[in-house]
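entry_39.tsv follows; it contains TSV, C-alpha atoms and all ligand atoms.
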chain	number	residue	atom	x	y	z
A	30	MET	CA	18.68	-15.95	5.10
A	31	THR	CA	19.87	-12.54	6.16
A	32	SER	CA	22.37	-12.45	9.00
A	33	ILE	CA	22.16	-9.85	11.73
A	34	LEU	CA	25.41	-8.35	10.48
A	35	GLU	CA	24.01	-8.04	6.95
A	36	THR	CA	20.90	-6.42	8.34
A	37	ILE	CA	22.85	-3.89	10.35
A	38	THR	CA	25.10	-3.17	7.39
A	39	SER	CA	22.12	-2.65	5.10
A	40	ILE	CA	20.61	-0.14	7.52
A	41	ILE	CA	23.78	1.89	7.88
A	42	ALA	CA	25.32	1.57	4.43
A	43	PRO	CA	23.95	3.45	1.41
A	44	HIS	CA	21.66	1.24	-0.61
A	45	SER	CA	22.00	0.27	-4.21
A	46	CYS	CA	19.29	-0.90	-6.62
A	47	PHE	CA	18.46	-4.52	-5.90
A	48	VAL	CA	17.95	-5.13	-9.62
A	49	CYS	CA	20.71	-3.23	-11.45
A	50	GLY	CA	23.09	-2.12	-8.70
A	51	ASP	CA	22.63	1.59	-9.40
A	52	GLU	CA	23.62	3.58	-6.32
A	53	ASN	CA	21.49	5.53	-3.85
A	54	ASN	CA	18.21	3.66	-4.35
A	55	MET	CA	17.02	0.21	-3.34
A	56	LEU	CA	14.89	0.25	-6.47
A	57	CYS	CA	16.02	2.85	-8.99
A	58	LYS	CA	13.58	4.82	-11.13
A	59	LYS	CA	14.48	2.86	-14.25
A	60	CYS	CA	13.93	-0.55	-12.66
A	61	ALA	CA	10.74	0.67	-10.94
A	62	ALA	CA	9.42	1.76	-14.33
A	63	VAL	CA	10.23	-1.68	-15.75
A	64	ALA	CA	8.39	-3.36	-12.85
A	65	ALA	CA	5.39	-1.08	-13.40
A	66	SER	CA	5.37	-1.77	-17.15
A	67	LEU	CA	5.31	-5.54	-16.55
A	68	TYR	CA	2.25	-5.32	-14.30
A	69	LYS	CA	-1.02	-5.89	-16.15
A	70	GLN	CA	-3.39	-3.06	-15.22
A	71	ASN	CA	-6.46	-5.28	-15.48
A	72	CYS	CA	-9.63	-4.95	-13.41
A	73	PHE	CA	-8.36	-5.65	-9.89
A	74	MET	CA	-11.53	-7.49	-9.00
A	75	CYS	CA	-12.22	-9.84	-11.91
A	76	GLY	CA	-9.05	-9.65	-13.99
A	77	LEU	CA	-10.78	-8.43	-17.15
A	78	ALA	CA	-8.28	-6.90	-19.56
A	79	ARG	CA	-8.14	-3.17	-18.92
A	80	SER	CA	-5.70	-0.33	-18.56
A	81	GLY	CA	-5.43	2.33	-15.89
A	82	TYR	CA	-5.78	0.17	-12.75
A	83	ALA	CA	-9.56	0.74	-12.47
A	84	ALA	CA	-12.34	-1.69	-11.69
A	85	CYS	CA	-14.22	-2.66	-14.88
A	86	GLU	CA	-17.75	-1.44	-15.56
A	87	LEU	CA	-19.23	-4.70	-14.27
A	88	CYS	CA	-17.27	-4.72	-10.99
A	89	ALA	CA	-17.33	-0.98	-10.27
A	90	PRO	CA	-20.87	-0.94	-8.83
A	91	ARG	CA	-19.84	-3.63	-6.31
A	92	SER	CA	-16.56	-1.99	-5.28
A	93	VAL	CA	-16.09	1.07	-3.11
A	94	LEU	CA	-12.51	1.25	-4.39
A	95	LYS	CA	-12.44	2.85	-7.83
A	96	SER	CA	-8.85	1.94	-8.71
A	97	LEU	CA	-6.03	-0.07	-7.22
A	98	TYR	CA	-2.63	1.33	-8.14
A	99	VAL	CA	-0.02	-1.41	-7.93
A	100	LEU	CA	3.69	-1.21	-8.64
A	101	GLY	CA	3.99	-4.93	-9.39
A	102	LEU	CA	3.25	-8.48	-8.37
A	103	TYR	CA	4.45	-9.77	-5.00
A	104	ALA	CA	7.37	-11.54	-6.67
A	105	PRO	CA	11.06	-10.72	-7.21
A	106	PRO	CA	12.26	-8.06	-6.75
A	107	LEU	CA	9.31	-6.52	-4.88
A	108	ASP	CA	8.72	-9.39	-2.42
A	109	TYR	CA	12.32	-9.10	-1.22
A	110	LEU	CA	12.20	-5.31	-1.02
A	111	VAL	CA	8.87	-5.23	0.82
A	112	GLY	CA	10.29	-7.83	3.22
A	113	GLN	CA	13.25	-5.55	3.90
A	114	LEU	CA	10.86	-2.71	4.71
A	115	LYS	CA	8.46	-4.77	6.81
A	116	TYR	CA	10.72	-7.14	8.67
A	117	GLN	CA	14.32	-5.90	8.43
A	118	GLY	CA	13.94	-2.28	9.44
A	119	VAL	CA	15.07	-0.91	6.09
A	120	ARG	CA	13.13	2.33	5.79
A	121	GLN	CA	14.82	3.48	2.60
A	122	PHE	CA	12.56	1.36	0.43
A	123	ALA	CA	9.46	3.29	1.56
A	124	ALA	CA	10.92	6.40	-0.03
A	125	ASP	CA	11.86	4.65	-3.29
A	126	ALA	CA	8.52	2.86	-3.56
A	127	ALA	CA	6.63	6.12	-2.92
A	128	VAL	CA	8.40	7.83	-5.81
A	129	ALA	CA	7.54	4.89	-8.09
A	130	LEU	CA	3.90	4.89	-6.93
A	131	ALA	CA	3.60	8.64	-7.46
A	132	ASP	CA	4.84	8.04	-11.03
A	133	ILE	CA	2.06	5.55	-11.85
A	134	THR	CA	-0.78	7.43	-10.11
A	135	ILE	CA	-2.62	10.23	-11.81
A	136	PRO	CA	-3.50	12.26	-8.74
A	137	ALA	CA	-6.80	14.10	-9.06
A	138	LYS	CA	-7.33	17.18	-6.91
A	139	PRO	CA	-8.31	17.71	-4.19
A	140	ALA	CA	-6.52	14.62	-2.95
A	141	ILE	CA	-6.11	13.19	0.55
A	142	VAL	CA	-3.69	10.42	1.44
A	143	THR	CA	-4.27	7.99	4.27
A	144	TYR	CA	-3.12	4.44	5.05
A	145	VAL	CA	-4.03	1.05	6.48
A	146	PRO	CA	-2.26	0.96	9.86
A	147	THR	CA	-0.22	-2.04	10.91
A	148	SER	CA	-0.88	-3.87	14.17
A	149	ALA	CA	0.34	-2.45	17.48
A	150	ARG	CA	2.31	-5.65	18.04
A	151	ARG	CA	4.32	-5.19	14.87
A	152	MET	CA	4.88	-1.53	15.70
A	153	ARG	CA	6.43	-2.52	19.01
A	154	VAL	CA	8.80	-4.94	17.29
A	155	ARG	CA	9.91	-2.55	14.57
A	156	SER	CA	9.18	0.92	15.96
A	157	TYR	CA	7.62	2.22	12.76
A	158	ASP	CA	4.55	1.54	10.65
A	159	GLN	CA	5.68	0.74	7.11
A	160	ALA	CA	2.36	1.79	5.55
A	161	ALA	CA	2.42	5.12	7.44
A	162	LEU	CA	5.98	5.72	6.29
A	163	LEU	CA	5.11	4.86	2.69
A	164	ALA	CA	2.03	7.10	2.86
A	165	LYS	CA	4.07	10.00	4.25
A	166	HIS	CA	6.50	9.85	1.32
A	167	TYR	CA	3.72	9.25	-1.19
A	168	ALA	CA	1.68	12.24	0.05
A	169	LYS	CA	4.74	14.44	-0.25
A	170	HIS	CA	5.35	13.31	-3.84
A	171	ILE	CA	1.78	13.87	-5.04
A	172	GLY	CA	1.48	17.12	-3.06
A	173	ALA	CA	-1.48	16.06	-0.94
A	174	PRO	CA	-2.12	16.13	2.82
A	175	LEU	CA	-1.63	12.93	4.82
A	176	ILE	CA	-4.44	12.30	7.27
A	177	PRO	CA	-4.29	9.16	9.46
A	178	LEU	CA	-7.93	8.06	9.40
A	179	PHE	CA	-7.81	4.50	10.75
A	180	GLU	CA	-6.68	2.58	13.79
A	181	ARG	CA	-6.56	-1.09	14.64
A	182	ARG	CA	-8.14	-2.47	17.76
A	183	GLY	CA	-6.52	-5.69	18.88
A	184	ASN	CA	-3.17	-7.36	18.37
A	185	GLN	CA	-3.65	-10.15	15.88
A	186	HIS	CA	-1.58	-10.01	12.74
A	187	GLN	CA	-2.21	-11.61	9.41
A	188	VAL	CA	0.88	-13.65	8.58
A	189	GLY	CA	-0.19	-17.22	8.06
A	190	ALA	CA	-3.89	-16.57	8.60
A	191	ASP	CA	-6.10	-18.07	5.92
A	192	ARG	CA	-8.38	-15.96	3.76
A	193	ALA	CA	-11.48	-16.38	5.90
A	194	ALA	CA	-9.57	-15.53	9.08
A	195	ARG	CA	-8.02	-12.46	7.46
A	196	LEU	CA	-11.37	-11.20	6.27
A	197	ALA	CA	-12.88	-11.65	9.72
A	198	GLN	CA	-9.93	-9.95	11.45
A	199	ALA	CA	-9.87	-7.03	9.05
A	200	GLU	CA	-13.59	-6.51	9.48
A	201	THR	CA	-13.45	-6.20	13.23
A	202	MET	CA	-10.03	-4.62	13.84
A	203	LEU	CA	-9.93	-1.62	11.51
A	204	GLN	CA	-11.92	1.33	12.74
A	205	LEU	CA	-12.12	5.06	12.11
A	206	ARG	CA	-9.86	7.07	14.40
A	207	SER	CA	-12.31	9.91	14.56
A	208	VAL	CA	-15.45	10.92	12.76
A	209	SER	CA	-14.42	14.57	12.61
A	210	ALA	CA	-11.16	13.67	10.82
A	211	ALA	CA	-13.06	11.54	8.31
A	212	LYS	CA	-15.30	14.50	7.44
A	213	ALA	CA	-12.27	16.10	5.75
A	214	ILE	CA	-12.61	13.68	2.83
A	215	ALA	CA	-15.93	15.13	1.59
A	216	GLY	CA	-15.51	15.89	-2.10
A	217	ALA	CA	-11.90	14.64	-2.16
A	218	HIS	CA	-10.08	11.93	-4.08
A	219	VAL	CA	-8.84	9.61	-1.35
A	220	TYR	CA	-5.72	7.46	-1.77
A	221	ILE	CA	-5.46	4.68	0.82
A	222	VAL	CA	-1.89	3.38	1.02
A	223	ASP	CA	-0.88	-0.12	2.09
A	224	ASP	CA	2.22	-2.21	1.48
A	225	VAL	CA	0.76	-5.40	0.01
A	226	TYR	CA	-2.69	-6.22	-1.36
A	227	THR	CA	-3.53	-9.84	-0.61
A	228	THR	CA	-7.24	-10.53	-0.21
A	229	GLY	CA	-8.25	-6.89	-0.37
A	230	ALA	CA	-10.04	-7.27	2.97
A	231	SER	CA	-8.19	-4.49	4.80
A	232	LEU	CA	-8.41	-1.95	1.98
A	233	GLY	CA	-12.02	-2.89	1.36
A	234	ARG	CA	-12.87	-2.39	5.01
A	235	CYS	CA	-11.14	1.01	5.12
A	236	ALA	CA	-12.85	2.12	1.91
A	237	ALA	CA	-16.22	1.03	3.28
A	238	LEU	CA	-15.64	3.02	6.47
A	239	LEU	CA	-15.01	6.16	4.40
A	240	ASP	CA	-17.83	5.71	1.95
A	241	HIS	CA	-20.32	7.41	4.30
A	242	PHE	CA	-18.36	10.68	4.25
A	243	ASP	CA	-19.05	11.65	0.62
A	244	PRO	CA	-15.61	11.29	-0.95
A	245	LYS	CA	-15.39	12.02	-4.66
A	246	GLN	CA	-13.52	8.76	-5.18
A	247	ILE	CA	-11.58	6.19	-3.13
A	248	ASN	CA	-8.49	4.47	-4.53
A	249	GLY	CA	-5.99	1.98	-3.19
A	250	VAL	CA	-2.21	2.43	-3.58
A	251	VAL	CA	0.03	-0.55	-2.84
A	252	ILE	CA	3.58	-1.63	-3.59
A	253	ALA	CA	2.74	-5.20	-4.54
A	254	ARG	CA	-0.20	-7.47	-5.19
A	255	GLN	CA	-0.14	-11.04	-4.03
A	256	MET	CA	-1.96	-13.34	-6.42
A	257	ASN	CA	-3.59	-16.29	-4.69
A	258	ASN	CA	-6.13	-18.80	-5.88
A	259	SER	CA	-7.79	-19.41	-2.55
B	301	ZN	ZN	17.92	-0.34	-10.99
B	302	ZN	ZN	-14.05	-6.52	-13.24
Please, can you express the file's structure as structure tokens?
Ligand SMILES: [Zn+2]
Ligand SMILES: [Zn+2]
Amino acid sequence: MTSILETITSIIAPHSCFVCGDENNMLCKKCAAVAASLYKQNCFMCGLARSGYAACELCAPRSVLKSLYVLGLYAPPLDYLVGQLKYQGVRQFAADAAVALADITIPAKPAIVTYVPTSARRMRVRSYDQAALLAKHYAKHIGAPLIPLFERRGNQHQVGADRAARLAQAETMLQLRSVSAAKAIAGAHVYIVDDVYTTGASLGRCAALLDHFDPKQINGVVIARQMNNS
């Protein structure tokens, strides 16, 4: 449990690496590289042994997402750090995670970065959208424009919802912000940023919405992947 005092202190005080204690980063470059090296870059759909974060040849025809870049599993230390970003107002981790994600991505040009927006209800509680913040830093690091392409209609949020409920919510809530903005992705490599990949419903929905606009390729970029057997 984090006390209010600890939370306030962590926002004001300079952060140190949660793993090794190195100063100035919540996750230093060295520990981020270790986390990335421990993650198995298998096919994100079926788990077939692979490298390079891409869907395998058998899954690729069924997936609009070409690759899913993941820093690590939703487990220590990333579950704690993502929690700090999402629920404790600690924005610093978005910057650190973006550097680490830029290191594992091989950005193809022309690239466009966008993100899966959080719910309006969460925005009101926390005053920022963690995925938008992450995407802003990530776009800067890979040298690509950030274009907000999606919006959520409705106020439900996904904590505690089961897989079927999440899929249904993601289907109906995520929409294109504007058709004219989406036209900018024609011929581009699109990187859709989100904090955590759980069922893949939100990213899948966003990718499907963009597929009609002739992108060269659509990829997902997330801090952590939650493995569930449901
Ligand atoms: Zn470290
Ligand atoms: Zn596969």
Surrounding residues as a PyMOL selection string, ligand ZN 301 (chain B), max 6 Å, all atoms listed in the file: chain A and resi 46+48-51+56-57+59-60
Distance query Tyr226 of chain A at most 7 Å, all atoms listed in the file, self and fewer than 3 positions along chain excluded, as an NGL selection string: :A and (229 or 251 or 253-255)
Best match for closeness to Ala127 of chain A among A:Val208, A:Ala194, A:Ala236, A:Ala168, counting all atoms listed in the file: A:Ala168
All residues 9 Å or closer to segment 92-109 of chain A, all atoms listed in the file, same chain fewer than 6 positions away omitted, as JSON, numbers by chain: {"A": [47, 48, 56, 61, 62, 64, 65, 66, 67, 68, 69, 70, 72, 73, 74, 81, 82, 83, 84, 126, 129, 130, 133, 134, 225, 226, 232, 233, 236, 237, 240, 246, 247, 248, 249, 250, 251, 252, 253, 254, 255, 256]}
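Each of A:Thr228, A:Gln121, A:Gln113, A:Ser148 was checked against Asn54 of chain A using all atoms listed in the file; the smallest atom-to-atom distance is that of A:Gln121.
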Atom pair atom CA of Leu205 of chain A / atom CA of Val222 of chain A: separation (Å): 15.2 Å
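Note that the spacing between atom CA of Tyr157 of chain A and atom CA of Arg181 of chain A amounts to 14.7 Å.
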Point-to-point distance from atom CA of Lys169 of chain A to atom CA of Ala124 of chain A, Å rounded to tenths: 10.1 Å
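Checking A:Leu175, A:Leu114, A:Leu77, A:Ala215 one by one against ligand ZN 302 (chain B), counting all atoms listed in the file, you find the shortest gap at A:Leu77.
Proximity to Pro136 of chain A was assessed for A:Tyr167, A:Glu86, A:Phe242, A:Cys235 counting all atoms listed in the file; the smallest distance is recorded for A:Tyr167.
With only C-alpha atoms and all ligand atoms as the atoms that count, the residue of A:Lys212, A:His241, A:His170, A:Arg79 with the shortest distance to ligand ZN 302 (chain B) is A:Arg79.
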